[in-house]
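Visitor: Just passing along the structure, written as structure tokens.
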Amino acid sequence: MNLNTPQFSDFSHDGLRLAYFDEGDPAGDPVLLIHGFASSANVNWVHPGWVKTLGEAGYRVIAIDNRGHGASDKPHDPEAYYPPVMAGDAVALLNHLGIAEAHVMGYSMGARISAFLAMAHPERVRSLVFGGLGIGMVEGVGDWDPIADALLAPSLDVVTHERGRMFRAFAEQTKSDRLALAACIATSRVLVTREQAEKIDAPTLIAVGTKDDIAGSGEELAAIMPHARAIDIPGRDHMLAVGDRVFKAAVLEFYRSL
């Protein structure tokens with residue numbers, strides 16, 4: 001685990017202050033990282049070693065704290081968290097930094113946001129990496145209403161739903177704004193239709209842990225996308241796959257192949 005937190009900056013978009021960092025080789029190809037639900041740029045990308053891995057490989061490494069998360073503003077209105085809106089934040093960051101095109105990598109909710117970014121602005125996306133989300137992007141990832149209930153419960157002690165307890169504990173660990181997260185979960189799960197997925201033509205790598213019971217099959221999603229392939233992250237569940245060495249090696253190989 002790497003605990004060396006980068007220097008964060010912020011910019012304004014859609015009436016919000018949004019935090020980000022810009023690390024690695026300034027002259028390298030840019031990689032835009034978009035983290036998952038209840039996480040942050042630090043938790044998904046810095047601590048598991050992604051910034052170090054990509055920086056040492058010569059990439060410019062940019063990561064945003066999604067609205068409602070990390071050091072960014074945290075509206076409590078569910079209308080603020082639809083995936084196209086959050087994808088707009090990521091595009092606004094690229095605009096802010098003067099970056100015309102980037103490799104875009106998202107984990108879980110961040111993968112969904114990355115897909116919506118690619119659909120709305122294909123010219124800005126050199127490639128896609130979807131981590132922790134496979135066919136669930138199209139077919140759904142189960143009932144998440146108990147997770148919203150868990151986030152709003154008076155304490156973790158009264159939460160009995162297994163997945164709800166997992167996310168409530170994670171939110172407490174990351175010192176998150178639970179009202180913002182409950183608002184986010186209400187509207188951020190908009191599905192990508194099969195027809196939309198069939199039209200995402202950026203080169204795409206899909207990586208899902210073999211013990212992930214949330215993401216759905218990476219192979220099934222890759223099969224309906226024109227330029228996608230999937231890999232397994234052996235023995236990892238949804239929470240642990242993000243920093244896995246197999247995942248990192250596959251991403252570096254994928255980038256070298258482009």
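Scheme for the structure tokens: letters A, B, ... for chains in order shown; per-chain residue numbers from 1; ligand numbers from 1 in order shown.
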Residues near A:Ala186, anyone? I mean within 12 Å using only C-alpha atoms, not counting same-chain ones fewer than 6 positions away, as a ChimeraX atom specification.

Guide: /A:37,76-83,143-149,151,179-180

Visitor: Tell me which of A:Ser176, A:Ser188, A:Thr193, A:Ser127 sits closest to A:Phe254, counting only C-alpha atoms.

Guide: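 Among the listed residues, A:Ser127 lies closest to A:Phe254.
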
Visitor: Using only C-alpha atoms, can you tell me which of A:Glu162, A:Asp22, A:Asp201, A:Glu123 comes closest to A:Leu97?

Guide: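 Closest candidate: A:Asp22.
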
Visitor: Taking the DSSP assignment computed from this structure's backbone, write out as JSON, numbers by chain all residues of stretch 76-253 of chain A that belong to alpha helix (DSSP H).

Guide: {"A": [83, 84, 85, 86, 87, 88, 89, 90, 91, 92, 93, 94, 95, 96, 97, 109, 110, 111, 112, 113, 114, 115, 116, 117, 118, 119, 120, 136, 137, 138, 139, 145, 146, 147, 148, 149, 150, 151, 152, 162, 163, 164, 165, 166, 167, 168, 169, 170, 171, 172, 173, 178, 179, 180, 181, 182, 183, 184, 185, 186, 187, 194, 195, 196, 197, 198, 218, 219, 220, 221, 222, 223, 224, 245, 246, 247, 248, 249, 250, 251, 252, 253]}

Visitor: Counting only C-alpha atoms, which residues of stretch 148-178 of chain A sit at most 9 Å from some atom of stretch 51-70 of chain A, and what is each one's closest atom pair with its distance in Å to one decimal, listed by chain and rising residue number, as CSV?

Guide:
```
residue,atom,partner,partner_atom,distance
A:Thr174,CA,A:Gly70,CA,8.3
A:Lys175,CA,A:Gly70,CA,8.7
A:Ser176,CA,A:His69,CA,6.8
A:Asp177,CA,A:Gly68,CA,7.3
```

Visitor: From the DSSP assignment of the backbone, select every residue of stretch 35-243 of chain A that is strand (DSSP E), and format the answer as a count of residues only.

Guide: 30

Visitor: Find the residues of stretch 96-124 of chain A that sit at most 12 Å from stretch 214-218 of chain A; for each, write down the nearest two atoms and how far apart they are in Å, to one decimal. Count only C-alpha atoms. Sort by chain, then by number going up, and give it as a Markdown table.

Guide:
```
| residue | atom | partner | partner_atom | distance |
| --- | --- | --- | --- | --- |
| A:Tyr107 | CA | A:Ala215 | CA | 10.1 |
| A:Ser108 | CA | A:Ala215 | CA | 7.4 |
| A:Met109 | CA | A:Ala215 | CA | 10.0 |
| A:Ala111 | CA | A:Ala215 | CA | 10.4 |
| A:Arg112 | CA | A:Ala215 | CA | 10.9 |
```

Visitor: Suppose we keep all heavy atoms; can you now write the selection as a PDB file, in the first residue's frame?

Guide:
```
ATOM      1  N   TYR A 107     -13.203   2.311 -12.078  1.00  0.00           N
ATOM      2  CA  TYR A 107     -13.476   1.107 -11.301  1.00  0.00           C
ATOM      3  C   TYR A 107     -14.907   1.162 -10.780  1.00  0.00           C
ATOM      4  O   TYR A 107     -15.323   2.152 -10.167  1.00  0.00           O
ATOM      5  CB  TYR A 107     -12.500   0.956 -10.130  1.00  0.00           C
ATOM      6  CG  TYR A 107     -12.566  -0.434  -9.535  1.00  0.00           C
ATOM      7  CD1 TYR A 107     -11.891  -1.488 -10.147  1.00  0.00           C
ATOM      8  CD2 TYR A 107     -13.363  -0.710  -8.424  1.00  0.00           C
ATOM      9  CE1 TYR A 107     -11.995  -2.778  -9.655  1.00  0.00           C
ATOM     10  CE2 TYR A 107     -13.466  -2.000  -7.933  1.00  0.00           C
ATOM     11  CZ  TYR A 107     -12.785  -3.023  -8.548  1.00  0.00           C
ATOM     12  OH  TYR A 107     -12.899  -4.305  -8.076  1.00  0.00           O
ATOM     13  N   SER A 108     -15.674   0.089 -11.016  1.00  0.00           N
ATOM     14  CA  SER A 108     -17.037  -0.048 -10.507  1.00  0.00           C
ATOM     15  C   SER A 108     -17.900   1.114 -11.003  1.00  0.00           C
ATOM     16  O   SER A 108     -18.073   1.276 -12.208  1.00  0.00           O
ATOM     17  CB  SER A 108     -17.008  -0.174  -8.977  1.00  0.00           C
ATOM     18  OG  SER A 108     -18.246  -0.596  -8.466  1.00  0.00           O
ATOM     19  N   MET A 109     -18.428   1.948 -10.121  1.00  0.00           N
ATOM     20  CA  MET A 109     -19.186   3.113 -10.577  1.00  0.00           C
ATOM     21  C   MET A 109     -18.361   3.946 -11.545  1.00  0.00           C
ATOM     22  O   MET A 109     -18.894   4.521 -12.503  1.00  0.00           O
ATOM     23  CB  MET A 109     -19.626   3.968  -9.385  1.00  0.00           C
ATOM     24  CG  MET A 109     -20.430   5.214  -9.766  1.00  0.00           C
ATOM     25  SD  MET A 109     -20.826   6.275  -8.341  1.00  0.00           S
ATOM     26  CE  MET A 109     -19.200   7.050  -8.077  1.00  0.00           C
ATOM     27  N   ALA A 111     -16.290   2.842 -13.719  1.00  0.00           N
ATOM     28  CA  ALA A 111     -16.368   2.212 -15.035  1.00  0.00           C
ATOM     29  C   ALA A 111     -17.653   2.642 -15.744  1.00  0.00           C
ATOM     30  O   ALA A 111     -17.650   2.924 -16.949  1.00  0.00           O
ATOM     31  CB  ALA A 111     -16.311   0.696 -14.894  1.00  0.00           C
ATOM     32  N   ARG A 112     -18.751   2.693 -15.010  1.00  0.00           N
ATOM     33  CA  ARG A 112     -20.016   3.142 -15.597  1.00  0.00           C
ATOM     34  C   ARG A 112     -19.883   4.592 -16.087  1.00  0.00           C
ATOM     35  O   ARG A 112     -20.303   4.930 -17.200  1.00  0.00           O
ATOM     36  CB  ARG A 112     -21.142   3.027 -14.558  1.00  0.00           C
ATOM     37  CG  ARG A 112     -22.536   3.252 -15.145  1.00  0.00           C
ATOM     38  CD  ARG A 112     -23.599   3.272 -14.044  1.00  0.00           C
ATOM     39  NE  ARG A 112     -23.534   2.111 -13.180  1.00  0.00           N
ATOM     40  CZ  ARG A 112     -24.069   0.929 -13.456  1.00  0.00           C
ATOM     41  NH1 ARG A 112     -24.691   0.740 -14.609  1.00  0.00           N
ATOM     42  NH2 ARG A 112     -23.977  -0.070 -12.597  1.00  0.00           N
TER      43      ARG A 112
END
```

Visitor: With only C-alpha atoms as the counted atoms, please give the residues lying no more than 6 Å from A:Gly209, apart from itself and same-chain residues fewer than 5 positions off, as a ChimeraX atom specification.

Guide: /A:232-234,236-237,241

Visitor: Write the residues of the preceding selection, restricted to N, CA and C atoms, as a short mmCIF file (atom, residue, chain, number, x, y, z; two decimals), in the first residue's frame.

Guide:
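That gives us again.cif:
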```
data_model
loop_
_atom_site.label_atom_id
_atom_site.label_comp_id
_atom_site.auth_asym_id
_atom_site.auth_seq_id
_atom_site.Cartn_x
_atom_site.Cartn_y
_atom_site.Cartn_z
N ASP A 232 -9.63 -12.12 -16.20
CA ASP A 232 -10.00 -12.43 -14.82
C ASP A 232 -8.91 -11.92 -13.88
N ILE A 233 -9.33 -11.42 -12.72
CA ILE A 233 -8.41 -11.10 -11.64
C ILE A 233 -8.55 -12.22 -10.62
N PRO A 234 -7.60 -13.17 -10.58
CA PRO A 234 -7.81 -14.42 -9.83
C PRO A 234 -7.96 -14.20 -8.32
N ARG A 236 -9.95 -12.62 -6.40
CA ARG A 236 -10.23 -11.31 -5.80
C ARG A 236 -11.72 -11.00 -5.86
N ASP A 237 -12.24 -10.39 -4.77
CA ASP A 237 -13.62 -9.93 -4.76
C ASP A 237 -13.67 -8.46 -5.19
N ALA A 241 -10.01 -6.42 -5.72
CA ALA A 241 -9.46 -6.56 -7.08
C ALA A 241 -8.72 -5.32 -7.55
#
```

Visitor: Compile the contact shell of A:Leu93 as a short mmCIF file (atom, residue, chain, number, x, y, z; two decimals) with N, CA, C and O atoms, in the first residue's frame: residues with an atom at most 9 Å away, counting only C-alpha atoms, same-chain residues fewer than 5 positions apart removed.

Guide:
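Heads up, here's the output in part.cif:
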```cif
data_model
loop_
_atom_site.label_atom_id
_atom_site.label_comp_id
_atom_site.auth_asym_id
_atom_site.auth_seq_id
_atom_site.Cartn_x
_atom_site.Cartn_y
_atom_site.Cartn_z
N PHE A 11 -11.03 22.57 -9.26
CA PHE A 11 -11.57 23.44 -10.30
C PHE A 11 -13.08 23.49 -10.12
O PHE A 11 -13.66 22.70 -9.37
N HIS A 13 -16.95 23.37 -11.67
CA HIS A 13 -17.79 22.90 -12.76
C HIS A 13 -19.19 22.64 -12.24
O HIS A 13 -19.35 22.05 -11.15
N LEU A 18 -14.48 20.70 -7.52
CA LEU A 18 -14.12 19.30 -7.69
C LEU A 18 -12.61 19.15 -7.55
O LEU A 18 -11.84 19.91 -8.15
N TYR A 20 -8.89 17.14 -7.72
CA TYR A 20 -8.19 16.21 -8.60
C TYR A 20 -6.70 16.29 -8.31
O TYR A 20 -6.22 17.21 -7.65
N ILE A 64 -9.74 12.18 -10.54
CA ILE A 64 -10.74 13.08 -9.99
C ILE A 64 -11.38 12.46 -8.76
O ILE A 64 -11.58 11.24 -8.70
N GLY A 88 -19.71 14.30 -17.21
CA GLY A 88 -19.45 15.69 -17.58
C GLY A 88 -18.38 16.33 -16.70
O GLY A 88 -17.61 17.19 -17.17
N GLY A 98 -6.52 21.13 -20.42
CA GLY A 98 -6.14 21.27 -21.82
C GLY A 98 -5.78 19.97 -22.49
O GLY A 98 -4.94 19.93 -23.39
N ILE A 99 -6.41 18.88 -22.08
CA ILE A 99 -6.12 17.54 -22.62
C ILE A 99 -7.21 17.16 -23.63
O ILE A 99 -8.39 17.09 -23.29
#
```

Visitor: Find the residue from A:Ala118, A:Ala222, A:Ser9, A:Lys74 that sits nearest to A:His96; use only C-alpha atoms when measuring.

Guide: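 Using only C-alpha atoms, the shortest distance to A:His96 belongs to A:Ser9.
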
Visitor: Just to confirm, what's the straight-line distance from atom CA of A:Val192 to atom CA of A:Asp213 in Å (one decimal)?

Guide: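 Atom-to-atom, atom CA of A:Val192 to atom CA of A:Asp213, that is 19.1 Å.
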
Visitor: Could you please determine the separation between atom CA of A:Pro154 and atom CA of A:Arg168 in Å, to one decimal place?

Guide: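 For atom CA of A:Pro154 relative to atom CA of A:Arg168, the distance reads 10.8 Å.
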
Visitor: I need the residue nearest A:Ala153 from this list: A:Leu221, A:Asp244, A:Gly136, A:Arg178. Use only C-alpha atoms for the distance.

Guide: A:Arg178

Visitor: Can you measure atom CA of A:Leu156 to atom CA of A:Ala38 for me? One decimal in Å is fine.

Guide: 15.4 Å

Visitor: Using only C-alpha atoms, which protein or nucleic acid residues come within 10 Å of A:Pro122? Drop anything in the same chain fewer than 6 positions from it, and give the result as a PyMOL selection string.

Guide: chain A and resi 101+115-116+200-202

Visitor: Next, dump the selected residues to file, keeping only N, CA and C atoms, as a PDB file, in the first residue's frame.

Guide:
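After the write, selection-v1.pdb holds the following:
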```
ATOM      1  N   GLU A 101      -7.360  14.254 -25.472  1.00  0.00           N
ATOM      2  CA  GLU A 101      -7.683  12.823 -25.516  1.00  0.00           C
ATOM      3  C   GLU A 101      -6.904  12.110 -24.415  1.00  0.00           C
ATOM      4  N   ALA A 115     -17.966   4.729 -19.257  1.00  0.00           N
ATOM      5  CA  ALA A 115     -18.766   4.329 -20.417  1.00  0.00           C
ATOM      6  C   ALA A 115     -19.619   5.486 -20.911  1.00  0.00           C
ATOM      7  N   PHE A 116     -20.250   6.197 -19.995  1.00  0.00           N
ATOM      8  CA  PHE A 116     -21.069   7.340 -20.401  1.00  0.00           C
ATOM      9  C   PHE A 116     -20.209   8.451 -20.990  1.00  0.00           C
ATOM     10  N   ILE A 200     -19.831   1.456 -28.447  1.00  0.00           N
ATOM     11  CA  ILE A 200     -18.615   1.990 -27.815  1.00  0.00           C
ATOM     12  C   ILE A 200     -17.432   1.332 -28.509  1.00  0.00           C
ATOM     13  N   ASP A 201     -16.769   2.077 -29.396  1.00  0.00           N
ATOM     14  CA  ASP A 201     -15.756   1.425 -30.236  1.00  0.00           C
ATOM     15  C   ASP A 201     -14.326   1.713 -29.817  1.00  0.00           C
ATOM     16  N   ALA A 202     -14.112   2.379 -28.682  1.00  0.00           N
ATOM     17  CA  ALA A 202     -12.751   2.550 -28.184  1.00  0.00           C
ATOM     18  C   ALA A 202     -12.181   1.196 -27.785  1.00  0.00           C
TER      19      ALA A 202
END
```
